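> Dropping in structure.pdb, which is PDB, C-alpha atoms:
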```pdb
ATOM      1  CA  MET A  13      30.915  21.128   4.421
ATOM      2  CA  ARG A  14      32.414  18.324   2.342
ATOM      3  CA  GLU A  15      32.521  18.799  -1.421
ATOM      4  CA  TYR A  16      32.211  16.004  -3.989
ATOM      5  CA  GLU A  17      32.408  16.414  -7.739
ATOM      6  CA  PHE A  18      29.884  14.553  -9.869
ATOM      7  CA  VAL A  19      29.603  13.923 -13.613
ATOM      8  CA  LEU A  20      26.400  13.227 -15.546
ATOM      9  CA  ALA A  21      26.639  11.005 -18.616
ATOM     10  CA  ASP A  22      24.441   9.231 -21.162
ATOM     11  CA  VAL A  23      25.674   5.702 -21.852
ATOM     12  CA  PHE A  24      25.264   3.452 -24.920
ATOM     13  CA  THR A  25      24.594   6.423 -27.179
ATOM     14  CA  GLU A  26      26.469   8.932 -29.319
ATOM     15  CA  ARG A  27      24.038  11.787 -28.687
ATOM     16  CA  VAL A  28      22.945  13.693 -25.628
ATOM     17  CA  PHE A  29      19.612  12.638 -24.080
ATOM     18  CA  GLY A  30      19.880   9.156 -25.561
ATOM     19  CA  GLY A  31      20.989   5.960 -23.850
ATOM     20  CA  ASN A  32      20.939   5.379 -20.116
ATOM     21  CA  GLN A  33      21.541   8.156 -17.622
ATOM     22  CA  LEU A  34      24.382   7.820 -15.136
ATOM     23  CA  ALA A  35      25.777   9.858 -12.275
ATOM     24  CA  VAL A  36      29.455   9.253 -11.463
ATOM     25  CA  LEU A  37      31.340  10.457  -8.412
ATOM     26  CA  PRO A  38      34.983  10.157  -9.587
ATOM     27  CA  ASP A  39      36.305  10.361  -6.023
ATOM     28  CA  ALA A  40      33.861   9.050  -3.420
ATOM     29  CA  ARG A  41      36.349   8.666  -0.571
ATOM     30  CA  GLY A  42      34.820   9.522   2.785
ATOM     31  CA  LEU A  43      31.228   8.716   1.861
ATOM     32  CA  THR A  44      29.446   6.160   4.029
ATOM     33  CA  ASP A  45      27.299   3.372   2.623
ATOM     34  CA  GLU A  46      24.227   5.266   3.784
ATOM     35  CA  GLU A  47      25.358   8.465   2.038
ATOM     36  CA  MET A  48      26.014   6.630  -1.233
ATOM     37  CA  GLN A  49      22.540   5.140  -1.092
ATOM     38  CA  ALA A  50      21.015   8.529  -0.273
ATOM     39  CA  LEU A  51      22.844  10.180  -3.172
ATOM     40  CA  ALA A  52      21.699   7.467  -5.583
ATOM     41  CA  ARG A  53      18.173   8.165  -4.437
ATOM     42  CA  GLU A  54      18.779  11.916  -4.876
ATOM     43  CA  PHE A  55      20.009  11.508  -8.476
ATOM     44  CA  ASN A  56      17.180   9.000  -9.042
ATOM     45  CA  PHE A  57      18.771   7.482 -12.138
ATOM     46  CA  SER A  58      18.583   3.733 -12.660
ATOM     47  CA  GLU A  59      22.136   3.553 -11.272
ATOM     48  CA  SER A  60      24.821   5.817  -9.859
ATOM     49  CA  ALA A  61      28.527   4.921  -9.598
ATOM     50  CA  PHE A  62      30.919   5.756  -6.782
ATOM     51  CA  VAL A  63      34.631   5.484  -7.526
ATOM     52  CA  LEU A  64      37.092   4.550  -4.790
ATOM     53  CA  PRO A  65      40.769   3.565  -4.577
ATOM     54  CA  PRO A  66      41.282  -0.135  -5.363
ATOM     55  CA  ASP A  67      41.782  -2.712  -2.650
ATOM     56  CA  ASP A  68      44.669  -4.081  -4.734
ATOM     57  CA  ALA A  69      47.145  -1.483  -5.978
ATOM     58  CA  ALA A  70      47.578  -3.472  -9.203
ATOM     59  CA  HIS A  71      44.017  -2.557 -10.175
ATOM     60  CA  THR A  72      42.707   0.788 -11.440
ATOM     61  CA  ARG A  73      39.751   1.641  -9.216
ATOM     62  CA  ARG A  74      37.024   0.141  -7.074
ATOM     63  CA  VAL A  75      33.494   0.956  -8.270
ATOM     64  CA  ARG A  76      30.333   0.652  -6.204
ATOM     65  CA  ILE A  77      26.995   0.793  -8.015
ATOM     66  CA  PHE A  78      23.689   1.813  -6.417
ATOM     67  CA  THR A  79      20.125   1.953  -7.686
ATOM     68  CA  PRO A  80      17.818   4.339  -5.797
ATOM     69  CA  ASP A  81      16.957   1.380  -3.529
ATOM     70  CA  GLU A  82      19.973  -0.935  -3.250
ATOM     71  CA  GLU A  83      23.589  -1.680  -4.113
ATOM     72  CA  LEU A  84      24.284  -3.963  -7.072
ATOM     73  CA  PRO A  85      27.274  -6.287  -7.477
ATOM     74  CA  PHE A  86      27.574  -5.318 -11.142
ATOM     75  CA  ALA A  87      25.762  -3.424 -13.882
ATOM     76  CA  GLY A  88      26.709  -2.815 -17.488
ATOM     77  CA  HIS A  89      26.035   0.842 -18.215
ATOM     78  CA  PRO A  90      27.588   2.146 -14.953
ATOM     79  CA  THR A  91      30.760   0.168 -15.669
ATOM     80  CA  VAL A  92      31.017   1.302 -19.300
ATOM     81  CA  GLY A  93      30.079   4.888 -18.432
ATOM     82  CA  THR A  94      32.369   5.188 -15.418
ATOM     83  CA  ALA A  95      35.343   3.997 -17.456
ATOM     84  CA  ALA A  96      34.570   6.559 -20.162
ATOM     85  CA  VAL A  97      34.232   9.359 -17.606
ATOM     86  CA  LEU A  98      37.529   8.506 -15.910
ATOM     87  CA  ALA A  99      39.313   8.277 -19.262
ATOM     88  CA  ALA A 100      37.869  11.599 -20.449
ATOM     89  CA  ARG A 101      39.187  13.246 -17.287
ATOM     90  CA  GLY A 102      42.660  11.864 -17.969
ATOM     91  CA  ALA A 103      42.564   9.934 -14.704
ATOM     92  CA  VAL A 104      43.249   6.547 -16.298
ATOM     93  CA  ARG A 105      44.767   4.986 -19.386
ATOM     94  CA  ASP A 106      42.956   3.103 -22.135
ATOM     95  CA  ARG A 107      42.647  -0.158 -20.196
ATOM     96  CA  LEU A 108      41.124  -0.326 -16.719
ATOM     97  CA  LEU A 109      40.791  -3.097 -14.178
ATOM     98  CA  LEU A 110      37.798  -2.256 -11.991
ATOM     99  CA  GLU A 111      36.968  -4.005  -8.734
ATOM    100  CA  GLU A 112      33.213  -4.612  -8.486
ATOM    101  CA  GLY A 113      30.954  -6.845  -6.448
ATOM    102  CA  VAL A 114      31.221  -9.672  -8.997
ATOM    103  CA  GLY A 115      35.013  -9.467  -8.982
ATOM    104  CA  LEU A 116      37.453  -7.890 -11.410
ATOM    105  CA  VAL A 117      36.025  -6.288 -14.574
ATOM    106  CA  SER A 118      38.330  -5.315 -17.436
ATOM    107  CA  VAL A 119      37.343  -2.271 -19.524
ATOM    108  CA  GLU A 120      38.981  -0.971 -22.691
ATOM    109  CA  VAL A 121      38.397   2.652 -23.731
ATOM    110  CA  GLU A 122      38.971   4.130 -27.168
ATOM    111  CA  GLY A 123      37.713   7.671 -27.484
ATOM    112  CA  THR A 124      34.087   7.710 -26.345
ATOM    113  CA  PHE A 125      33.678   3.945 -26.816
ATOM    114  CA  SER A 126      34.158   1.639 -23.825
ATOM    115  CA  ARG A 127      33.961  -2.138 -23.747
ATOM    116  CA  LEU A 128      33.807  -4.185 -20.548
ATOM    117  CA  THR A 129      34.818  -7.838 -20.372
ATOM    118  CA  LEU A 130      33.612 -10.391 -17.837
ATOM    119  CA  THR A 131      35.040 -13.837 -17.221
ATOM    120  CA  SER A 132      32.179 -14.831 -14.901
ATOM    121  CA  PRO A 133      30.441 -18.023 -16.053
ATOM    122  CA  TYR A 134      27.105 -18.002 -17.826
ATOM    123  CA  GLU A 135      24.493 -19.233 -15.356
ATOM    124  CA  THR A 136      21.138 -20.841 -16.077
ATOM    125  CA  PRO A 137      18.902 -23.072 -13.951
ATOM    126  CA  ASP A 138      17.275 -26.307 -15.081
ATOM    127  CA  HIS A 139      13.757 -24.837 -15.059
ATOM    128  CA  TYR A 140      12.023 -22.286 -17.299
ATOM    129  CA  PRO A 141       9.675 -19.353 -16.682
ATOM    130  CA  SER A 142       5.987 -20.038 -17.210
ATOM    131  CA  VAL A 143       4.914 -18.762 -20.639
ATOM    132  CA  THR A 144       1.418 -18.096 -19.299
ATOM    133  CA  ALA A 145       2.722 -16.084 -16.364
ATOM    134  CA  VAL A 146       5.167 -14.124 -18.513
ATOM    135  CA  ALA A 147       2.466 -13.312 -21.085
ATOM    136  CA  LYS A 148       0.144 -12.051 -18.355
ATOM    137  CA  ALA A 149       2.922  -9.986 -16.771
ATOM    138  CA  LEU A 150       3.788  -8.364 -20.104
ATOM    139  CA  SER A 151       0.169  -7.893 -21.246
ATOM    140  CA  VAL A 152       0.685  -9.916 -24.424
ATOM    141  CA  SER A 153      -0.752 -13.148 -25.783
ATOM    142  CA  PRO A 154       1.077 -16.432 -25.106
ATOM    143  CA  GLU A 155       1.124 -16.836 -28.903
ATOM    144  CA  ASP A 156       3.384 -13.757 -29.102
ATOM    145  CA  ILE A 157       6.065 -15.571 -27.097
ATOM    146  CA  VAL A 158       8.620 -17.647 -29.005
ATOM    147  CA  GLU A 159      10.542 -18.827 -25.931
ATOM    148  CA  THR A 160      11.476 -17.930 -22.356
ATOM    149  CA  TRP A 161      14.446 -18.835 -20.191
ATOM    150  CA  TYR A 162      16.441 -17.737 -17.170
ATOM    151  CA  GLY A 163      20.099 -16.826 -17.586
ATOM    152  CA  GLY A 164      22.782 -14.344 -16.759
ATOM    153  CA  VAL A 165      26.413 -13.311 -16.501
ATOM    154  CA  GLY A 166      26.936 -11.204 -13.392
ATOM    155  CA  LEU A 167      23.224 -10.394 -13.048
ATOM    156  CA  ARG A 168      20.255 -12.723 -13.585
ATOM    157  CA  PHE A 169      17.374 -12.151 -15.994
ATOM    158  CA  CYS A 170      14.205 -13.728 -17.268
ATOM    159  CA  PHE A 171      14.676 -13.548 -21.052
ATOM    160  CA  VAL A 172      11.573 -13.426 -23.247
ATOM    161  CA  ARG A 173      11.855 -13.743 -27.011
ATOM    162  CA  LEU A 174       8.808 -12.385 -28.835
ATOM    163  CA  ALA A 175       7.659 -12.951 -32.393
ATOM    164  CA  ASP A 176       8.443  -9.485 -33.718
ATOM    165  CA  ARG A 177       9.216  -5.866 -32.892
ATOM    166  CA  ALA A 178       5.527  -4.933 -32.812
ATOM    167  CA  ALA A 179       4.963  -7.452 -30.012
ATOM    168  CA  VAL A 180       7.879  -5.966 -28.072
ATOM    169  CA  ASP A 181       6.342  -2.505 -28.408
ATOM    170  CA  ARG A 182       2.984  -3.808 -27.180
ATOM    171  CA  THR A 183       4.420  -5.001 -23.873
ATOM    172  CA  VAL A 184       3.174  -3.258 -20.751
ATOM    173  CA  LEU A 185       4.419  -4.580 -17.432
ATOM    174  CA  ASP A 186       1.792  -5.728 -14.952
ATOM    175  CA  ARG A 187       4.135  -5.969 -11.996
ATOM    176  CA  THR A 188       1.380  -7.087  -9.630
ATOM    177  CA  ALA A 189       0.634 -10.086 -11.851
ATOM    178  CA  TRP A 190       4.343 -10.927 -12.153
ATOM    179  CA  LEU A 191       4.946 -10.716  -8.411
ATOM    180  CA  ALA A 192       1.859 -12.837  -7.774
ATOM    181  CA  GLU A 193       3.243 -15.685  -9.918
ATOM    182  CA  PRO A 194       4.668 -18.177  -7.347
ATOM    183  CA  THR A 195       7.649 -19.153  -9.501
ATOM    184  CA  SER A 196       8.530 -15.715 -10.904
ATOM    185  CA  GLY A 197      11.090 -14.983  -8.241
ATOM    186  CA  GLU A 198      12.715 -18.400  -8.126
ATOM    187  CA  TRP A 199      15.653 -17.260 -10.204
ATOM    188  CA  SER A 200      15.035 -13.683 -11.375
ATOM    189  CA  ARG A 201      12.193 -11.178 -11.692
ATOM    190  CA  ASN A 202      14.102  -8.958 -14.133
ATOM    191  CA  LEU A 203      12.223  -9.240 -17.438
ATOM    192  CA  TYR A 204      14.200  -8.680 -20.642
ATOM    193  CA  VAL A 205      12.066  -8.769 -23.776
ATOM    194  CA  PHE A 206      13.429  -8.899 -27.310
ATOM    195  CA  ALA A 207      12.801  -9.805 -30.945
ATOM    196  CA  GLY A 208      15.017 -10.150 -33.980
ATOM    197  CA  HIS A 209      17.705 -12.439 -35.344
ATOM    198  CA  PHE A 210      19.015 -14.287 -32.301
ATOM    199  CA  LYS A 211      22.079 -15.620 -34.057
ATOM    200  CA  ASP A 212      25.714 -14.709 -34.483
ATOM    201  CA  GLY A 213      25.911 -11.247 -36.044
ATOM    202  CA  GLY A 214      22.217 -10.625 -35.425
ATOM    203  CA  ARG A 215      20.525  -7.380 -34.409
ATOM    204  CA  LEU A 216      17.866  -7.380 -31.714
ATOM    205  CA  TYR A 217      15.192  -4.930 -30.608
ATOM    206  CA  SER A 218      14.561  -5.005 -26.862
ATOM    207  CA  ARG A 219      12.913  -3.590 -23.783
ATOM    208  CA  SER A 220      13.849  -4.223 -20.164
ATOM    209  CA  TYR A 221      11.667  -4.164 -17.050
ATOM    210  CA  ALA A 222      14.026  -4.412 -14.087
ATOM    211  CA  ASP A 223      12.703  -5.593 -10.752
ATOM    212  CA  MET A 224      15.816  -4.073  -9.178
ATOM    213  CA  LEU A 225      14.394  -0.713 -10.377
ATOM    214  CA  GLY A 226      10.938  -1.384  -9.013
ATOM    215  CA  GLY A 227       9.721  -2.687 -12.355
ATOM    216  CA  ALA A 228      10.572   0.519 -14.208
ATOM    217  CA  GLU A 229      11.676   0.287 -17.820
ATOM    218  CA  ASP A 230      15.425   0.587 -18.365
ATOM    219  CA  PRO A 231      16.681   2.287 -21.555
ATOM    220  CA  ALA A 232      19.922   0.266 -21.794
ATOM    221  CA  THR A 233      20.818  -2.889 -19.882
ATOM    222  CA  GLY A 234      24.399  -3.981 -20.501
ATOM    223  CA  SER A 235      24.248  -6.835 -17.999
ATOM    224  CA  ALA A 236      21.299  -8.334 -19.902
ATOM    225  CA  ALA A 237      23.231  -8.008 -23.181
ATOM    226  CA  ALA A 238      26.059  -9.968 -21.567
ATOM    227  CA  GLY A 239      23.613 -12.701 -20.586
ATOM    228  CA  LEU A 240      22.075 -12.823 -24.065
ATOM    229  CA  VAL A 241      25.333 -13.213 -25.961
ATOM    230  CA  GLY A 242      26.501 -15.742 -23.363
ATOM    231  CA  ALA A 243      23.320 -17.732 -23.950
ATOM    232  CA  MET A 244      23.904 -17.634 -27.700
ATOM    233  CA  ALA A 245      27.407 -19.054 -27.309
ATOM    234  CA  GLN A 246      26.141 -21.783 -24.984
ATOM    235  CA  ARG A 247      23.402 -22.775 -27.431
ATOM    236  CA  HIS A 248      25.964 -23.226 -30.177
ATOM    237  CA  GLY A 249      28.127 -25.350 -27.904
ATOM    238  CA  CYS A 250      30.803 -22.643 -27.986
ATOM    239  CA  ARG A 251      32.003 -24.099 -31.289
ATOM    240  CA  ALA A 252      33.078 -20.732 -32.730
ATOM    241  CA  GLU A 253      35.777 -18.496 -31.296
ATOM    242  CA  GLU A 254      33.503 -15.444 -31.108
ATOM    243  CA  TYR A 255      29.796 -14.573 -31.253
ATOM    244  CA  THR A 256      28.427 -11.057 -31.686
ATOM    245  CA  LEU A 257      25.138  -9.193 -31.219
ATOM    246  CA  ARG A 258      23.903  -5.614 -31.655
ATOM    247  CA  ILE A 259      20.964  -4.558 -29.520
ATOM    248  CA  ASP A 260      18.660  -1.557 -29.923
ATOM    249  CA  GLN A 261      16.972  -0.699 -26.636
ATOM    250  CA  GLY A 262      15.181   2.294 -25.135
ATOM    251  CA  VAL A 263      13.567   3.303 -28.437
ATOM    252  CA  ALA A 264      10.019   3.169 -27.062
ATOM    253  CA  MET A 265      11.143   5.401 -24.166
ATOM    254  CA  GLY A 266      12.607   8.062 -26.447
ATOM    255  CA  ARG A 267      16.135   7.218 -25.246
ATOM    256  CA  PRO A 268      17.522   5.005 -28.042
ATOM    257  CA  SER A 269      20.529   2.916 -27.074
ATOM    258  CA  ASP A 270      22.995   0.939 -29.183
ATOM    259  CA  ILE A 271      24.696  -1.945 -27.362
ATOM    260  CA  HIS A 272      27.521  -4.075 -28.803
ATOM    261  CA  ALA A 273      27.871  -7.524 -27.222
ATOM    262  CA  SER A 274      30.248 -10.407 -27.909
ATOM    263  CA  ALA A 275      31.211 -13.739 -26.387
ATOM    264  CA  ARG A 276      34.443 -15.663 -26.813
ATOM    265  CA  ALA A 277      34.996 -19.398 -26.510
ATOM    266  CA  ARG A 278      37.897 -21.824 -26.540
ATOM    267  CA  ASP A 279      37.921 -25.615 -26.660
ATOM    268  CA  GLY A 280      34.133 -25.720 -26.462
ATOM    269  CA  ALA A 281      33.873 -23.559 -23.344
ATOM    270  CA  LEU A 282      32.795 -19.950 -22.846
ATOM    271  CA  THR A 283      35.787 -17.877 -21.736
ATOM    272  CA  SER A 284      34.417 -14.305 -21.598
ATOM    273  CA  VAL A 285      31.661 -11.923 -22.636
ATOM    274  CA  SER A 286      32.027  -8.267 -23.564
ATOM    275  CA  VAL A 287      29.578  -5.373 -23.744
ATOM    276  CA  GLY A 288      30.380  -1.971 -25.171
ATOM    277  CA  GLY A 289      29.036   1.328 -26.394
ATOM    278  CA  HIS A 290      29.611   5.053 -26.588
ATOM    279  CA  THR A 291      29.255   7.512 -23.704
ATOM    280  CA  VAL A 292      28.359  11.193 -23.910
ATOM    281  CA  ILE A 293      29.255  13.434 -20.959
ATOM    282  CA  VAL A 294      26.326  15.781 -20.381
ATOM    283  CA  GLY A 295      27.577  17.916 -17.505
ATOM    284  CA  GLY A 296      28.424  17.885 -13.846
ATOM    285  CA  GLY A 297      28.823  19.896 -10.690
ATOM    286  CA  THR A 298      29.663  19.866  -7.011
ATOM    287  CA  LEU A 299      27.758  18.316  -4.121
ATOM    288  CA  HIS A 300      27.900  19.995  -0.718
ATOM    289  CA  LEU A 301      27.444  17.543   2.136
ATOM    290  CA  PRO A 302      27.544  18.218   5.870
ATOM    291  CA  ASP A 303      30.548  17.050   7.886
TER     292      ASP A 303
END
```
Represent the structure contained in this file as structure tokens.

Amino acid sequence: MREYEFVLADVFTERVFGGNQLAVLPDARGLTDEEMQALAREFNFSESAFVLPPDDAAHTRRVRIFTPDEELPFAGHPTVGTAAVLAARGAVRDRLLLEEGVGLVSVEVEGTFSRLTLTSPYETPDHYPSVTAVAKALSVSPEDIVETWYGGVGLRFCFVRLADRAAVDRTVLDRTAWLAEPTSGEWSRNLYVFAGHFKDGGRLYSRSYADMLGGAEDPATGSAAAGLVGAMAQRHGCRAEEYTLRIDQGVAMGRPSDIHASARARDGALTSVSVGGHTVIVGGGTLHLPD
């Protein structure tokens, strides 16, 4: 039998049973693609992370991220959580360069707090989601919706700004209605709903319904936070050197998360976005797999 150590962690929280659950295999050498996918399905968390030696020796590690159904090129909480786990084990220093599907991701770790930085560009198409379709998909009134748009850094989302926190809490995903909308999948089916002060230094209250998770609600979505703060910088023409956001997510699920997001700009252009938060290691064990 082959033995693999795993670590269980809660990410974007300072207390156990908060934030987003993560399984990390600190040394996944020897696992096939099919075995990684099967293990992600076995853990059945929103994502699981598999750590491998880097392709380039100048980098820290290679990280592959799987949902129960597919591999992702990047995701926020697995990146932040994996860095924290590796640092807690003494396997790495306080700055990591991780190879992921979107390219190189820099992560800084200080104690239990990790902050990833992406230099990928902010992407947005020239069309917008249908307010009527989004309202129907979220089981709210079109009057509850302030604005909708597509955007993303690393991963794509359909962002939906609602009038207030109460409207966010009223949302119930009707995935059938969303999938039936002809234009819903043109750019992204991942719905990220929020309310609050969408401005530099603002604090938002959010919920996330990720199509990559079969429409299930996600308690903390770092990749969406990266897209949001990137969108904020773009809207302001990147005139400031830095923009910041704090995001409360997962509250309605009983897994409150606290996400710190920032974007940096220079000469009127977005240069990077960062997403950070605390990680709590819950436990771990050993997997026994057949040869």
> Here is a test: counting all atoms listed in the file, which residue of A:Arg53, A:Arg182, A:Arg14, A:Arg105 is nearest to A:Ala264?
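Looking only at the distances to A:Ala264, the closest residue turns out to be A:Arg182.
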> Using all atoms listed in the file, which residues sit within 6 Å of A:Asn202 once same-chain residues fewer than 4 positions away are excluded, as a CSV table (one decimal) with C-alpha atoms, in the frame of the given file?

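Result file around_28.csv:
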```csv
chain,number,residue,atom,x,y,z
A,169,PHE,CA,17.4,-12.2,-16.0
A,170,CYS,CA,14.2,-13.7,-17.3
A,222,ALA,CA,14.0,-4.4,-14.1
A,223,ASP,CA,12.7,-5.6,-10.8
```
> Hey, which of A:Ala40, A:Val158, A:Val104, A:Ala273 ends up closest to A:Arg258? Count all atoms listed in the file.
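With all atoms listed in the file as the atom set, the closest residue is A:Ala273.
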> Run through the PyMOL selection byres ((chain A and resi 129) around 7) on the given coordinates and return the selected residues as a list in words.
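Written out, the selection comes to Val117, Ser118, Val119, Arg127, Leu128, Leu130, Thr131, Ser284, Val285, Ser286 and Val287 of chain A.
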> Ranking A:Ala50, A:Leu203, A:Ala95, A:Ala277 by minimum distance to A:Phe78 and counting all atoms listed in the file, which one comes first?
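Under the stated criterion, the closest residue is A:Ala50.
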> Taking into account all atoms listed in the file, which residue in the set A:Tyr204, A:Val121, A:Ala178, A:Arg107 is nearest to A:Val146?
A:Tyr204
> Using all atoms listed in the file, can you tell me which of A:Thr79, A:Ser200, A:Thr72, A:Ser153 comes closest to A:Leu51?
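Answer, going by the shortest atom-to-atom distance: A:Thr79.
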> From (41.1, 10.1, -19.8), in the file's coordinates, out to 12 Å: which residues are reached, counting only C-alpha atoms? Answer as a VMD selection string.
chain A and resid 38 94 to 108 120 to 126
> For this structure, which residues satisfy the selection - the PyMOL selection byres ((chain A and resi 237) around 8) - when it is evaluated on the file as given? I want them as a PyMOL selection string.
chain A and resi 233-236+238-241+259+271+273+287
> Please report the interatomic distance between atom CA of A:Pro137 and atom CA of A:Asp181 in Å with one decimal.
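Interatomic distance, atom CA of A:Pro137 to atom CA of A:Asp181: 28.1 Å.
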> One number please: atom CA of A:Ala281 to atom CA of A:Lys211, in Å, one decimal.
17.8 Å
> Restricting the calculation to only C-alpha atoms: of A:Phe24, A:Tyr217, A:Phe62, A:Phe55, which residue gets closest to A:His89?
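Checking each of A:Phe24, A:Tyr217, A:Phe62, A:Phe55 against A:His89, counting only C-alpha atoms, the winner is A:Phe24.
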> When you draw a straight line from atom CA of A:Pro133 to atom CA of A:Tyr255, how long is it in Å?
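Taking atom CA of A:Pro133 and atom CA of A:Tyr255, their separation equals 15.6 Å.
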> Name the residues captured by the PyMOL selection byres ((chain A and resi 172) around 12) when it is applied to the shown file; answer as JSON, numbers by chain.
{"A": [140, 141, 142, 143, 144, 145, 146, 147, 149, 150, 152, 154, 156, 157, 158, 159, 160, 161, 162, 163, 169, 170, 171, 173, 174, 175, 176, 179, 180, 183, 201, 202, 203, 204, 205, 206, 207, 208, 210, 217, 218, 219, 220, 221, 236, 240]}
> Using only C-alpha atoms, please write the residues we just selected to a file, as an mmCIF file, in the frame of the given file.

```cif
data_model
loop_
_atom_site.group_PDB
_atom_site.id
_atom_site.type_symbol
_atom_site.label_atom_id
_atom_site.label_comp_id
_atom_site.auth_asym_id
_atom_site.auth_seq_id
_atom_site.Cartn_x
_atom_site.Cartn_y
_atom_site.Cartn_z
ATOM 1 C CA TYR A 140 12.023 -22.286 -17.299
ATOM 2 C CA PRO A 141 9.675 -19.353 -16.682
ATOM 3 C CA SER A 142 5.987 -20.038 -17.210
ATOM 4 C CA VAL A 143 4.914 -18.762 -20.639
ATOM 5 C CA THR A 144 1.418 -18.096 -19.299
ATOM 6 C CA ALA A 145 2.722 -16.084 -16.364
ATOM 7 C CA VAL A 146 5.167 -14.124 -18.513
ATOM 8 C CA ALA A 147 2.466 -13.312 -21.085
ATOM 9 C CA ALA A 149 2.922 -9.986 -16.771
ATOM 10 C CA LEU A 150 3.788 -8.364 -20.104
ATOM 11 C CA VAL A 152 0.685 -9.916 -24.424
ATOM 12 C CA PRO A 154 1.077 -16.432 -25.106
ATOM 13 C CA ASP A 156 3.384 -13.757 -29.102
ATOM 14 C CA ILE A 157 6.065 -15.571 -27.097
ATOM 15 C CA VAL A 158 8.620 -17.647 -29.005
ATOM 16 C CA GLU A 159 10.542 -18.827 -25.931
ATOM 17 C CA THR A 160 11.476 -17.930 -22.356
ATOM 18 C CA TRP A 161 14.446 -18.835 -20.191
ATOM 19 C CA TYR A 162 16.441 -17.737 -17.170
ATOM 20 C CA GLY A 163 20.099 -16.826 -17.586
ATOM 21 C CA PHE A 169 17.374 -12.151 -15.994
ATOM 22 C CA CYS A 170 14.205 -13.728 -17.268
ATOM 23 C CA PHE A 171 14.676 -13.548 -21.052
ATOM 24 C CA ARG A 173 11.855 -13.743 -27.011
ATOM 25 C CA LEU A 174 8.808 -12.385 -28.835
ATOM 26 C CA ALA A 175 7.659 -12.951 -32.393
ATOM 27 C CA ASP A 176 8.443 -9.485 -33.718
ATOM 28 C CA ALA A 179 4.963 -7.452 -30.012
ATOM 29 C CA VAL A 180 7.879 -5.966 -28.072
ATOM 30 C CA THR A 183 4.420 -5.001 -23.873
ATOM 31 C CA ARG A 201 12.193 -11.178 -11.692
ATOM 32 C CA ASN A 202 14.102 -8.958 -14.133
ATOM 33 C CA LEU A 203 12.223 -9.240 -17.438
ATOM 34 C CA TYR A 204 14.200 -8.680 -20.642
ATOM 35 C CA VAL A 205 12.066 -8.769 -23.776
ATOM 36 C CA PHE A 206 13.429 -8.899 -27.310
ATOM 37 C CA ALA A 207 12.801 -9.805 -30.945
ATOM 38 C CA GLY A 208 15.017 -10.150 -33.980
ATOM 39 C CA PHE A 210 19.015 -14.287 -32.301
ATOM 40 C CA TYR A 217 15.192 -4.930 -30.608
ATOM 41 C CA SER A 218 14.561 -5.005 -26.862
ATOM 42 C CA ARG A 219 12.913 -3.590 -23.783
ATOM 43 C CA SER A 220 13.849 -4.223 -20.164
ATOM 44 C CA TYR A 221 11.667 -4.164 -17.050
ATOM 45 C CA ALA A 236 21.299 -8.334 -19.902
ATOM 46 C CA LEU A 240 22.075 -12.823 -24.065
#
```
> Can you list, as an NGL selection string, every protein, DNA or RNA residue that comes within 12 Å of A:Glu54 when you count all atoms listed in the file, leaving out same-chain residues fewer than 2 positions away?
:A and (35 or 47-52 or 56-60 or 78-81 or 299)
